[in-house]
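Student: coords_26.txt is the file, holding compact mmCIF, C-alpha atoms and all ligand atoms:
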# COMPACT_ATOMS: atom_id res chain seq x y z
CA MET R 1394 10.56 215.44 -43.48
CA ALA R 1395 13.51 217.73 -42.90
CA ASP R 1396 13.87 221.33 -41.71
CA ILE R 1397 16.96 221.80 -43.87
CA VAL R 1398 18.38 219.85 -46.80
CA ILE R 1399 21.82 220.63 -48.17
CA LYS R 1400 22.09 219.29 -51.71
CA ASN R 1401 24.65 219.06 -54.54
CA ALA R 1402 27.29 218.88 -51.88
CA ARG R 1403 30.79 217.47 -51.88
CA ILE R 1404 30.59 216.11 -48.34
CA LEU R 1405 33.62 215.28 -46.23
CA THR R 1406 31.77 213.14 -43.69
CA CYS R 1407 34.84 212.34 -41.50
CA LYS R 1408 32.82 209.27 -40.52
CA SER R 1409 34.39 207.02 -37.93
CA SER R 1410 33.46 204.93 -34.92
CA GLY R 1411 36.51 206.05 -32.98
CA PRO R 1412 39.41 208.49 -33.25
CA LYS R 1413 41.10 208.13 -36.65
CA PHE R 1414 44.65 206.97 -36.19
CA GLY R 1415 47.67 206.37 -38.39
CA LYS R 1416 46.88 205.96 -42.07
CA TYR R 1417 43.14 206.28 -41.43
CA MET R 1418 43.72 209.98 -40.82
CA GLN R 1419 43.91 210.26 -44.64
CA GLU R 1420 40.30 209.13 -45.06
CA LEU R 1421 37.60 211.75 -45.17
CA GLY R 1422 34.67 209.49 -46.09
CA ILE R 1423 33.81 211.65 -49.10
CA ILE R 1424 30.41 211.67 -50.82
CA GLU R 1425 31.00 213.39 -54.16
CA LYS R 1426 27.49 214.64 -54.84
CA GLY R 1427 25.24 214.14 -51.90
CA PHE R 1428 22.71 215.56 -49.47
CA ILE R 1429 22.32 216.09 -45.75
CA ALA R 1430 18.82 216.16 -44.24
CA ILE R 1431 18.52 217.93 -40.89
CA GLU R 1432 15.59 217.79 -38.48
CA ASN R 1433 15.25 219.03 -34.90
CA GLY R 1434 18.92 219.81 -34.64
CA ILE R 1435 20.00 216.32 -35.67
CA ILE R 1436 21.34 214.84 -38.90
CA LYS R 1437 18.45 212.72 -40.10
CA GLU R 1438 20.10 211.26 -43.19
CA VAL R 1439 23.23 211.63 -45.31
CA GLY R 1440 23.66 210.09 -48.70
CA GLU R 1441 24.08 210.33 -52.42
CA GLY R 1442 21.59 212.23 -54.55
CA SER R 1443 19.55 215.27 -53.58
CA GLY R 1444 17.42 213.82 -50.78
CA GLU R 1445 14.09 214.81 -52.38
CA ARG R 1446 12.17 212.39 -50.21
CA PHE R 1447 12.88 214.68 -47.23
CA TYR R 1448 11.41 217.84 -48.80
CA ASN R 1449 8.11 219.41 -47.88
CA GLU R 1450 6.88 222.99 -48.28
CA HIS R 1451 8.69 224.11 -45.11
CA THR R 1452 12.05 222.58 -45.91
CA LYS R 1453 14.86 225.04 -46.47
CA ILE R 1454 16.92 223.77 -49.38
CA ILE R 1455 20.52 224.90 -49.64
CA ASP R 1456 22.34 224.28 -52.90
CA ALA R 1457 26.03 223.66 -52.13
CA LYS R 1458 27.21 223.28 -55.73
CA ASN R 1459 30.97 223.92 -56.09
CA LYS R 1460 31.30 224.14 -52.31
CA THR R 1461 32.73 221.77 -49.73
CA VAL R 1462 30.61 220.57 -46.83
CA LEU R 1463 32.19 219.26 -43.64
CA PRO R 1464 31.54 218.84 -39.91
CA GLY R 1465 31.69 221.94 -37.68
CA PHE R 1466 35.21 222.43 -36.37
CA VAL R 1467 35.90 221.38 -32.80
CA ASP R 1468 38.61 223.35 -30.98
CA PRO R 1469 39.77 221.07 -28.13
CA HIS R 1470 42.22 223.46 -26.39
CA THR R 1471 41.61 227.13 -25.64
CA HIS R 1472 42.14 229.61 -22.82
CA LEU R 1473 38.98 231.45 -23.88
CA VAL R 1474 38.14 233.18 -20.62
CA HIS R 1475 40.57 235.98 -19.81
CA TYR R 1476 40.64 239.76 -19.71
CA GLY R 1477 43.02 242.24 -21.29
CA SER R 1478 45.67 241.52 -23.89
CA ARG R 1479 49.46 241.33 -24.03
CA GLU R 1480 50.57 243.11 -27.18
CA ASP R 1481 52.94 245.13 -24.95
CA GLU R 1482 55.06 241.96 -24.60
CA LEU R 1483 55.60 241.72 -28.34
CA ASP R 1484 58.72 243.85 -28.17
CA LEU R 1485 60.36 241.68 -25.48
CA LYS R 1486 59.43 238.60 -27.44
CA LEU R 1487 60.99 239.91 -30.64
CA LYS R 1488 64.14 240.78 -28.71
CA GLY R 1489 64.35 237.11 -27.79
CA VAL R 1490 63.26 237.16 -24.13
CA PRO R 1491 61.92 233.63 -23.52
CA TYR R 1492 58.28 233.08 -22.65
CA ILE R 1493 59.03 231.52 -19.25
CA GLU R 1494 61.39 234.42 -18.42
CA ILE R 1495 58.58 236.94 -19.08
CA LEU R 1496 56.40 234.91 -16.69
CA LYS R 1497 59.15 234.88 -14.03
CA ARG R 1498 59.29 238.70 -14.24
CA GLY R 1499 55.60 238.82 -13.32
CA GLY R 1500 54.39 239.28 -16.90
CA GLY R 1501 52.86 236.67 -19.18
CA ILE R 1502 50.13 234.62 -17.52
CA LEU R 1503 50.46 236.67 -14.32
CA SER R 1504 49.66 239.95 -16.08
CA THR R 1505 46.53 238.35 -17.54
CA VAL R 1506 45.66 237.10 -14.03
CA LYS R 1507 45.68 240.69 -12.75
CA ALA R 1508 43.38 241.86 -15.55
CA THR R 1509 41.06 238.88 -15.16
CA ARG R 1510 40.74 239.23 -11.40
CA SER R 1511 39.69 242.85 -11.73
CA ALA R 1512 37.12 242.17 -14.47
CA SER R 1513 33.47 241.62 -13.58
CA LYS R 1514 31.49 238.61 -14.74
CA ASP R 1515 29.69 240.86 -17.25
CA GLU R 1516 32.91 242.22 -18.69
CA LEU R 1517 34.31 238.73 -19.12
CA MET R 1518 31.06 237.55 -20.67
CA LYS R 1519 31.13 240.35 -23.22
CA LYS R 1520 34.71 239.54 -24.15
CA ILE R 1521 34.18 235.82 -24.58
CA LYS R 1522 31.05 236.39 -26.65
CA LYS R 1523 33.08 238.47 -29.06
CA SER R 1524 35.59 235.64 -29.36
CA LEU R 1525 32.87 233.02 -29.71
CA ASP R 1526 31.27 235.05 -32.52
CA LEU R 1527 34.63 235.06 -34.30
CA MET R 1528 35.00 231.33 -33.80
CA LEU R 1529 31.56 230.71 -35.26
CA LEU R 1530 32.28 232.98 -38.23
CA TRP R 1531 35.42 230.95 -38.92
CA GLY R 1532 33.68 227.58 -38.50
CA THR R 1533 34.20 226.47 -34.90
CA THR R 1534 31.00 225.03 -33.43
CA THR R 1535 32.32 223.44 -30.21
CA VAL R 1536 35.14 224.66 -28.04
CA GLU R 1537 36.98 223.44 -24.96
CA ALA R 1538 37.75 226.31 -22.58
CA LYS R 1539 40.06 226.36 -19.57
CA SER R 1540 40.04 228.51 -16.50
CA GLY R 1541 43.47 229.47 -15.17
CA TYR R 1542 43.61 233.25 -15.00
CA GLY R 1543 41.80 233.59 -11.68
CA LEU R 1544 44.07 231.26 -9.70
CA ASN R 1545 42.33 231.99 -6.37
CA PHE R 1546 39.10 230.24 -5.38
CA GLU R 1547 36.74 233.11 -6.12
CA ASP R 1548 38.12 234.11 -9.52
CA GLU R 1549 38.52 230.57 -10.84
CA VAL R 1550 34.89 229.92 -9.94
CA LYS R 1551 33.90 233.26 -11.51
CA CYS R 1552 35.58 232.31 -14.80
CA LEU R 1553 34.04 228.84 -14.91
CA ASN R 1554 30.62 230.36 -14.25
CA VAL R 1555 31.11 232.82 -17.11
CA LEU R 1556 31.70 229.85 -19.41
CA LYS R 1557 28.72 228.01 -17.98
CA ASP R 1558 26.25 230.89 -18.23
CA CYS R 1559 27.24 232.52 -21.50
CA GLY R 1560 24.42 231.08 -23.67
CA HIS R 1561 26.24 231.45 -26.97
CA PRO R 1562 25.47 229.05 -29.85
CA VAL R 1563 29.01 227.63 -29.73
CA ASP R 1564 29.01 224.75 -27.25
CA ILE R 1565 31.61 225.06 -24.49
CA VAL R 1566 33.28 222.15 -22.67
CA ARG R 1567 34.83 223.39 -19.41
CA THR R 1568 38.22 222.56 -17.90
CA TYR R 1569 39.56 223.63 -14.50
CA MET R 1570 43.17 224.77 -14.84
CA GLY R 1571 44.10 226.39 -11.54
CA ALA R 1572 47.49 224.79 -12.11
CA HIS R 1573 48.39 227.30 -14.80
CA ALA R 1574 50.91 229.29 -12.72
CA ILE R 1575 51.73 229.95 -9.08
CA PRO R 1576 49.97 233.23 -8.22
CA GLU R 1577 52.04 236.16 -6.85
CA GLU R 1578 50.59 235.85 -3.35
CA TYR R 1579 51.87 232.25 -3.13
CA LYS R 1580 55.26 232.98 -4.68
CA HIS R 1581 57.01 231.76 -1.52
CA ASP R 1582 54.47 229.08 -0.67
CA ARG R 1583 53.99 226.65 -3.57
CA GLU R 1584 52.69 224.03 -1.20
CA GLY R 1585 50.04 226.45 0.06
CA TYR R 1586 48.75 227.03 -3.46
CA ILE R 1587 48.72 223.33 -4.32
CA LYS R 1588 46.77 222.68 -1.10
CA LEU R 1589 44.27 225.40 -2.01
CA MET R 1590 43.67 223.66 -5.33
CA THR R 1591 43.57 220.09 -4.10
CA GLU R 1592 41.66 220.65 -0.86
CA GLU R 1593 39.28 223.48 -1.73
CA VAL R 1594 38.93 224.37 -5.40
CA ILE R 1595 38.92 220.90 -6.99
CA PRO R 1596 36.26 219.49 -4.62
CA TYR R 1597 34.05 222.57 -5.13
CA VAL R 1598 34.45 222.61 -8.92
CA ALA R 1599 33.69 218.89 -9.18
CA GLU R 1600 30.75 218.88 -6.79
CA ASN R 1601 29.15 221.85 -8.55
CA LYS R 1602 29.85 220.41 -12.01
CA LEU R 1603 31.72 223.55 -13.02
CA ALA R 1604 34.19 221.56 -15.08
CA GLU R 1605 34.43 218.19 -16.74
CA PHE R 1606 38.22 218.14 -17.18
CA ILE R 1607 41.25 219.13 -15.17
CA ASP R 1608 44.45 220.42 -16.78
CA CYS R 1609 47.91 221.41 -15.54
CA PHE R 1610 50.82 223.37 -17.06
CA CYS R 1611 53.57 220.79 -16.55
CA GLU R 1612 56.65 222.74 -17.59
CA GLU R 1613 60.11 223.69 -16.37
CA GLY R 1614 59.60 226.70 -14.07
CA VAL R 1615 55.85 226.14 -13.73
CA PHE R 1616 54.61 222.78 -12.29
CA SER R 1617 56.94 219.78 -11.94
CA ILE R 1618 56.06 216.22 -12.93
CA GLU R 1619 55.44 215.28 -9.27
CA GLU R 1620 53.25 218.33 -8.63
CA SER R 1621 51.32 217.80 -11.86
CA GLU R 1622 50.68 214.15 -11.02
CA ARG R 1623 49.43 215.04 -7.57
CA ILE R 1624 47.07 217.79 -8.81
CA LEU R 1625 45.72 215.82 -11.77
CA LEU R 1626 45.13 212.66 -9.72
CA LYS R 1627 43.24 214.70 -7.13
CA GLY R 1628 41.00 215.89 -9.95
CA LYS R 1629 40.55 212.31 -11.15
CA GLU R 1630 39.59 211.24 -7.63
CA TYR R 1631 36.77 213.79 -7.85
CA GLY R 1632 35.62 212.53 -11.26
CA LEU R 1633 37.35 215.07 -13.49
CA LYS R 1634 38.94 213.76 -16.68
CA ILE R 1635 42.58 214.54 -17.29
CA LYS R 1636 44.25 216.81 -19.83
CA ILE R 1637 47.83 217.99 -19.53
CA HIS R 1638 50.06 220.69 -21.04
CA ALA R 1639 53.00 218.39 -21.65
CA ASP R 1640 56.53 218.92 -22.99
CA GLU R 1641 55.73 222.25 -24.63
CA ILE R 1642 59.19 223.75 -24.26
CA GLU R 1643 61.36 221.33 -22.23
CA PRO R 1644 61.24 217.52 -22.39
CA MET R 1645 59.89 217.03 -18.86
CA GLY R 1646 58.30 213.60 -19.28
CA GLY R 1647 54.79 215.03 -19.46
CA ALA R 1648 53.78 212.65 -22.25
CA GLU R 1649 54.94 209.69 -20.16
CA LEU R 1650 52.93 211.01 -17.23
CA ALA R 1651 49.84 211.37 -19.44
CA GLY R 1652 50.10 207.72 -20.46
CA ARG R 1653 50.67 206.58 -16.89
CA ILE R 1654 47.74 208.36 -15.25
CA GLY R 1655 45.11 207.77 -17.94
CA ALA R 1656 44.84 211.25 -19.46
CA VAL R 1657 42.28 211.69 -22.23
CA SER R 1658 44.70 213.97 -24.06
CA ALA R 1659 48.17 215.50 -23.82
CA GLU R 1660 48.73 218.86 -25.43
CA HIS R 1661 51.64 220.66 -27.15
CA LEU R 1662 54.26 217.84 -27.10
CA VAL R 1663 56.84 219.81 -29.09
CA ALA R 1664 59.63 218.34 -26.94
CA ALA R 1665 58.00 214.95 -26.28
CA SER R 1666 60.44 212.00 -26.27
CA ASP R 1667 60.08 208.73 -28.19
CA GLU R 1668 59.24 207.02 -24.89
CA GLY R 1669 56.60 209.67 -24.27
CA ILE R 1670 54.95 209.04 -27.62
CA GLU R 1671 55.05 205.30 -26.93
CA ALA R 1672 53.47 205.85 -23.50
CA MET R 1673 50.66 207.89 -25.05
CA LYS R 1674 49.98 205.12 -27.52
CA LYS R 1675 49.85 202.51 -24.78
CA GLY R 1676 47.59 204.67 -22.65
CA ASN R 1677 45.23 205.65 -25.51
CA VAL R 1678 46.05 209.32 -24.98
CA ILE R 1679 45.12 211.64 -27.84
CA PRO R 1680 47.91 214.09 -28.75
CA VAL R 1681 46.43 217.57 -29.19
CA LEU R 1682 48.94 219.56 -31.23
CA LEU R 1683 49.08 223.36 -31.24
CA PRO R 1684 51.28 224.44 -34.16
CA GLY R 1685 50.09 228.06 -34.00
CA THR R 1686 51.86 228.28 -30.64
CA SER R 1687 55.15 226.88 -31.98
CA PHE R 1688 55.00 229.52 -34.67
CA TYR R 1689 54.05 232.38 -32.37
CA LEU R 1690 56.65 231.45 -29.74
CA ARG R 1691 59.23 231.33 -32.53
CA LEU R 1692 60.34 227.94 -31.24
CA GLY R 1693 61.76 226.99 -34.61
CA LYS R 1694 60.26 223.53 -34.26
CA TYR R 1695 56.94 221.78 -34.20
CA ALA R 1696 55.57 218.66 -32.52
CA ARG R 1697 56.58 215.50 -34.38
CA ALA R 1698 53.19 214.92 -35.93
CA ARG R 1699 54.40 212.66 -38.75
CA LYS R 1700 56.16 210.37 -36.33
CA MET R 1701 53.06 210.17 -34.14
CA ILE R 1702 50.93 209.25 -37.15
CA GLU R 1703 53.50 206.67 -38.28
CA MET R 1704 53.31 205.16 -34.81
CA GLY R 1705 49.55 204.84 -35.20
CA LEU R 1706 48.35 207.67 -32.97
CA PRO R 1707 45.23 209.76 -33.64
CA ILE R 1708 46.17 213.44 -33.77
CA ALA R 1709 43.89 216.33 -32.90
CA LEU R 1710 44.63 220.01 -33.59
CA ALA R 1711 43.60 223.11 -31.64
CA THR R 1712 44.18 226.86 -31.61
CA ASP R 1713 45.40 227.18 -27.98
CA TYR R 1714 43.64 230.55 -28.22
CA ASN R 1715 45.16 232.63 -25.39
CA PRO R 1716 46.46 236.18 -24.93
CA GLY R 1717 50.15 235.22 -24.84
CA THR R 1718 51.31 232.40 -27.05
CA CYS R 1719 48.56 232.15 -29.66
CA PRO R 1720 46.13 235.05 -29.82
CA THR R 1721 43.82 233.74 -32.53
CA GLU R 1722 40.36 232.21 -32.50
CA SER R 1723 40.76 230.88 -36.02
CA LEU R 1724 41.26 227.16 -36.64
CA GLN R 1725 41.55 227.95 -40.35
CA SER R 1726 44.75 229.84 -39.53
CA ILE R 1727 46.06 226.86 -37.56
CA MET R 1728 45.50 224.66 -40.62
CA VAL R 1729 48.33 226.42 -42.41
CA PHE R 1730 50.85 225.84 -39.59
CA ALA R 1731 49.74 222.21 -39.27
CA SER R 1732 50.31 221.66 -42.93
CA MET R 1733 53.35 223.82 -43.73
CA GLY R 1734 54.97 223.47 -40.30
CA MET R 1735 54.29 219.83 -39.45
CA GLY R 1736 53.71 218.32 -42.89
CA LEU R 1737 50.14 217.19 -42.35
CA THR R 1738 47.99 216.71 -45.44
CA PRO R 1739 44.67 218.57 -45.80
CA SER R 1740 42.78 215.32 -45.07
CA GLU R 1741 44.77 214.73 -41.90
CA VAL R 1742 44.26 218.34 -40.81
CA ILE R 1743 40.49 218.15 -41.30
CA ASN R 1744 40.14 214.87 -39.41
CA ALA R 1745 42.29 216.35 -36.64
CA MET R 1746 39.96 219.36 -36.29
CA THR R 1747 36.70 217.44 -36.47
CA ILE R 1748 36.34 213.79 -35.46
CA ASN R 1749 39.63 213.47 -33.54
CA ALA R 1750 39.14 216.82 -31.81
CA ALA R 1751 35.68 215.64 -30.75
CA TYR R 1752 37.21 212.50 -29.20
CA ALA R 1753 39.84 214.64 -27.46
CA ILE R 1754 36.99 216.22 -25.46
CA CYS R 1755 34.99 212.99 -25.11
CA ARG R 1756 32.29 214.10 -27.57
CA GLY R 1757 33.08 211.68 -30.39
CA ASN R 1758 29.64 210.07 -30.21
CA GLU R 1759 27.77 213.34 -30.68
CA ILE R 1760 29.80 215.61 -32.94
CA GLY R 1761 32.85 215.70 -35.22
CA SER R 1762 31.40 213.91 -38.25
CA ILE R 1763 28.44 214.07 -40.61
CA GLU R 1764 26.58 210.92 -39.71
CA LYS R 1765 22.96 210.01 -39.13
CA GLY R 1766 21.97 210.72 -35.52
CA LYS R 1767 24.76 213.18 -34.75
CA LYS R 1768 24.22 216.83 -33.93
CA ALA R 1769 23.67 218.92 -37.04
CA ASP R 1770 26.86 221.00 -36.78
CA VAL R 1771 27.77 221.53 -40.43
CA LEU R 1772 29.98 223.91 -42.42
CA ILE R 1773 29.61 224.91 -46.04
CA MET R 1774 32.87 226.31 -47.32
CA ASP R 1775 33.28 228.33 -50.44
CA ALA R 1776 36.07 226.09 -51.70
CA PRO R 1777 35.86 223.37 -54.35
CA ASN R 1778 37.79 220.82 -52.28
CA GLU R 1779 39.75 220.28 -49.06
CA ASN R 1780 43.13 221.12 -50.63
CA TYR R 1781 41.90 224.57 -51.60
CA ILE R 1782 41.02 225.42 -47.98
CA ILE R 1783 44.69 225.25 -46.99
CA TYR R 1784 46.17 226.30 -50.32
CA HIS R 1785 44.42 229.70 -50.35
CA PHE R 1786 45.46 230.72 -46.86
CA GLY R 1787 44.86 233.57 -44.45
CA ILE R 1788 41.27 234.12 -45.52
CA ASN R 1789 37.96 232.82 -44.25
CA HIS R 1790 36.35 230.23 -46.56
CA ILE R 1791 33.13 229.94 -44.55
CA ASP R 1792 29.90 230.48 -46.44
CA THR R 1793 27.39 228.88 -44.04
CA VAL R 1794 27.51 227.48 -40.51
CA ILE R 1795 24.71 225.31 -39.17
CA LYS R 1796 24.82 224.79 -35.40
CA ASN R 1797 22.45 222.34 -33.72
CA GLY R 1798 20.35 222.45 -36.89
CA GLU R 1799 20.06 226.26 -36.99
CA ILE R 1800 21.65 228.46 -39.62
CA VAL R 1801 23.87 230.79 -37.58
CA VAL R 1802 26.19 232.09 -40.33
CA ARG R 1803 24.99 232.76 -43.87
CA GLU R 1804 27.13 234.16 -46.70
CA GLY R 1805 29.91 234.65 -44.19
CA MET R 1806 27.81 236.75 -41.83
CA LEU R 1807 26.44 236.00 -38.37
CA CYS R 1808 22.68 235.57 -38.36
CA TYR R 1809 21.71 234.02 -35.01
CA LYS R 1810 19.53 235.93 -32.59
CA GLU R 1811 20.97 236.47 -29.14
CA GLY R 1812 18.94 234.87 -26.38
CA GLU R 1813 17.63 232.04 -28.50
CA PHE R 1814 20.56 229.81 -27.73
CA THR R 1815 20.69 228.70 -24.15
CA TRP R 1816 21.92 225.15 -24.32
CA ASN R 1817 25.24 223.88 -23.22
CA ILE R 1818 26.75 220.42 -23.39
O1 LIG R 1901 48.54 233.16 -21.19
O2 LIG R 1901 50.50 232.48 -21.79
N1 LIG R 1901 51.03 228.31 -22.49
N2 LIG R 1901 49.56 228.85 -21.01
C1 LIG R 1901 50.48 227.84 -21.29
C2 LIG R 1901 49.54 229.79 -21.88
C3 LIG R 1901 50.47 229.45 -22.84
C4 LIG R 1901 48.66 230.96 -21.86
C5 LIG R 1901 49.30 232.26 -21.60
ZN ZN R 1902 47.25 225.94 -23.45
If you took the structure in this file and wrote it as structure tokens, what would it be?
Tutor:
Amino acid sequence: MADIVIKNARILTCKSSGPKFGKYMQELGIIEKGFIAIENGIIKEVGEGSGERFYNEHTKIIDAKNKTVLPGFVDPHTHLVHYGSREDELDLKLKGVPYIEILKRGGGILSTVKATRSASKDELMKKIKKSLDLMLLWGTTTVEAKSGYGLNFEDEVKCLNVLKDCGHPVDIVRTYMGAHAIPEEYKHDREGYIKLMTEEVIPYVAENKLAEFIDCFCEEGVFSIEESERILLKGKEYGLKIKIHADEIEPMGGAELAGRIGAVSAEHLVAASDEGIEAMKKGNVIPVLLPGTSFYLRLGKYARARKMIEMGLPIALATDYNPGTCPTESLQSIMVFASMGMGLTPSEVINAMTINAAYAICRGNEIGSIEKGKKADVLIMDAPNENYIIYHFGINHIDTVIKNGEIVVREGMLCYKEGEFTWNI
């Protein structure tokens, strides 16, 4: 018997036993008129028909006629935990002052560091819960979240603990990203800051299981290739898995580095070279593309997604939600940039935000598709098909969100009770 059965559904299962690469990114594993039976937070069965054999008097039956049903979105790259905002930089940005120049003047990341350091754990918690509610409302059921606005020992640990303790229905996968910028107090002592990370923070974070991944902003004017390699490999030595901000603005060779040191994913890649893409393929690195950031930085170009797909890579997409270069929690907004900016089809976009995004955070066996035995993270969208979701843009198509088998959004409105969700993955 099932707790919930969704029937009359056009289901995009996104079924796959690994990340979908190359031409397989076109396949959504569609069941035209099917059902999903959910019990104890898990998908018990998926198939054609209405699943009557799973009904009893307690089963909640949801009729999804004329709607599209798909896996909960997975956002594999966000800077969720931060305080304050940076709308005051909009003017500089529009006047053409480059992002890295704003950072060099003590703005950008460093202004968010100031705000984050002075915020209490409670204040940060309140802020991230507001963002997580928005994510849920727009269909995101699992999110990766990086530290990187504390930069000293105490505030990095504070931010990772906020993520760990927040108890929101959206599952959070934590990444330590002390290598996001050199903090003001180490402006003349880069080596001192790198030592703080590699000798004190990384061992503490790993031993206390505060993060599962390590990430580094490998960029001209931020961390060099050599520094990034040293920091990321120290994390690996302590059991953290590697992610890297690679070739976002300048072609630094970050993609090549990702391939060489066994990164799970490399992110951004707007300026990645052919050799870099080749190295990622050889090293089984998942490219996580962030087209909302290209748009918002007014770069005038996007990562070469089509080329990566032609070369047989599995692409994932993320928001990059952060207060500087992409202040949005909405993956549905990112869909439009992925499609209109990079030429991805709706099927490719949906696979990139579900099954491939799940693999980009090493959760491909649990989430990212609608398959028997996986977590019941399911979206019902008020759209007749996948094309419509991108075609009618800038609005929220979510009707219902089911997270871990619980209905948390109904008719586009939040309906979970605070305090009842305490799990974390
Ligand atoms: O706050 O500017 N790119 N890190 C790397 C960011 C953007 C976040 C920010
Ligand atoms: Zn980022």
Student: One decimal, in Å: what's the spacing between atom CA of Met1735 of chain R and atom CA of Ala1709 of chain R?
Tutor: 12.8 Å
Student: Within 10 Å of segment 1691-1708 of chain R, counting all atoms listed in the file, which residues qualify if same-chain residues fewer than 6 places away don't, as number ranges by chain?
Tutor: R: 1411-1418, 1486-1487, 1489, 1491, 1640-1642, 1658, 1660-1667, 1670-1671, 1673-1675, 1677-1685, 1718, 1730-1731, 1734-1737, 1741-1742, 1744-1746, 1748-1750, 1752-1753
Student: Would you list the residues that come within 10 Å of ligand ZN 1902 (chain R)? Count all atoms listed in the file and give the answer as an NGL selection string.
Tutor: :R and (1470-1473 or 1538-1539 or 1541 or 1570 or 1573 or 1608-1610 or 1637-1639 or 1641 or 1660-1661 or 1683 or 1686 or 1711-1715 or 1717-1719)
Student: As an exercise, work out the distance from atom CA of Ser1621 of chain R to atom CA of Tyr1569 of chain R in Å and give it to one decimal place.
Tutor: 13.4 Å
Student: Tell me, in Å to one decimal, how far atom CA of Val1398 of chain R is from atom CA of Ala1430 of chain R.
Tutor: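 If I compute the distance from atom CA of Val1398 of chain R to atom CA of Ala1430 of chain R, I get 4.5 Å.
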Student: Closest to ligand LIG 1901 (chain R) among R:Leu1603, R:Met1806, R:Leu1625, R:Ile1495, using only C-alpha atoms and all ligand atoms?
Tutor: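 When distances to ligand LIG 1901 (chain R) are compared using only C-alpha atoms and all ligand atoms, the smallest one comes from R:Ile1495.
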Student: Please determine, counting all atoms listed in the file, which residue among R:Ala1672, R:Leu1496, R:Cys1808, R:Val1536 has the shortest atom-to-atom distance to ligand LIG 1901 (chain R).
Tutor: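 Ranking R:Ala1672, R:Leu1496, R:Cys1808, R:Val1536 by distance to ligand LIG 1901 (chain R), first place goes to R:Leu1496.
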Student: Could segment 1592-1596 of chain R be completed with all heavy atoms and written as a PDB file, in the coordinates of the input, please?
Tutor:
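Below is the file that was written, rebuild-v4.pdb:
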ATOM      1  N   GLU R1592      42.570 220.840  -2.000  1.00  0.00           N
ATOM      2  CA  GLU R1592      41.660 220.650  -0.860  1.00  0.00           C
ATOM      3  C   GLU R1592      40.403 221.503  -0.941  1.00  0.00           C
ATOM      4  O   GLU R1592      39.395 221.177  -0.328  1.00  0.00           O
ATOM      5  CB  GLU R1592      42.410 220.948   0.456  1.00  0.00           C
ATOM      6  CG  GLU R1592      43.463 219.884   0.717  1.00  0.00           C
ATOM      7  CD  GLU R1592      44.337 220.184   1.935  1.00  0.00           C
ATOM      8  OE1 GLU R1592      43.988 221.100   2.718  1.00  0.00           O
ATOM      9  OE2 GLU R1592      45.367 219.511   2.086  1.00  0.00           O
ATOM     10  N   GLU R1593      40.479 222.612  -1.694  1.00  0.00           N
ATOM     11  CA  GLU R1593      39.280 223.480  -1.730  1.00  0.00           C
ATOM     12  C   GLU R1593      38.677 223.629  -3.126  1.00  0.00           C
ATOM     13  O   GLU R1593      37.493 223.390  -3.322  1.00  0.00           O
ATOM     14  CB  GLU R1593      39.632 224.862  -1.177  1.00  0.00           C
ATOM     15  CG  GLU R1593      39.972 224.802   0.310  1.00  0.00           C
ATOM     16  CD  GLU R1593      40.305 226.177   0.878  1.00  0.00           C
ATOM     17  OE1 GLU R1593      39.558 227.126   0.591  1.00  0.00           O
ATOM     18  OE2 GLU R1593      41.333 226.279   1.574  1.00  0.00           O
ATOM     19  N   VAL R1594      39.520 224.024  -4.090  1.00  0.00           N
ATOM     20  CA  VAL R1594      38.930 224.370  -5.400  1.00  0.00           C
ATOM     21  C   VAL R1594      38.452 223.112  -6.140  1.00  0.00           C
ATOM     22  O   VAL R1594      37.321 223.071  -6.626  1.00  0.00           O
ATOM     23  CB  VAL R1594      39.885 225.210  -6.268  1.00  0.00           C
ATOM     24  CG1 VAL R1594      39.124 225.787  -7.457  1.00  0.00           C
ATOM     25  CG2 VAL R1594      40.527 226.339  -5.477  1.00  0.00           C
ATOM     26  N   ILE R1595      39.311 222.103  -6.234  1.00  0.00           N
ATOM     27  CA  ILE R1595      38.920 220.900  -6.990  1.00  0.00           C
ATOM     28  C   ILE R1595      37.622 220.284  -6.433  1.00  0.00           C
ATOM     29  O   ILE R1595      36.686 220.031  -7.204  1.00  0.00           O
ATOM     30  CB  ILE R1595      40.076 219.866  -7.061  1.00  0.00           C
ATOM     31  CG1 ILE R1595      41.207 220.420  -7.946  1.00  0.00           C
ATOM     32  CG2 ILE R1595      39.595 218.506  -7.566  1.00  0.00           C
ATOM     33  CD1 ILE R1595      42.484 219.588  -7.963  1.00  0.00           C
ATOM     34  N   PRO R1596      37.519 220.065  -5.117  1.00  0.00           N
ATOM     35  CA  PRO R1596      36.260 219.490  -4.620  1.00  0.00           C
ATOM     36  C   PRO R1596      35.040 220.361  -4.960  1.00  0.00           C
ATOM     37  O   PRO R1596      34.005 219.849  -5.400  1.00  0.00           O
ATOM     38  CB  PRO R1596      36.467 219.436  -3.101  1.00  0.00           C
ATOM     39  CG  PRO R1596      37.955 219.395  -2.924  1.00  0.00           C
ATOM     40  CD  PRO R1596      38.536 220.175  -4.052  1.00  0.00           C
TER      41      PRO R1596
END
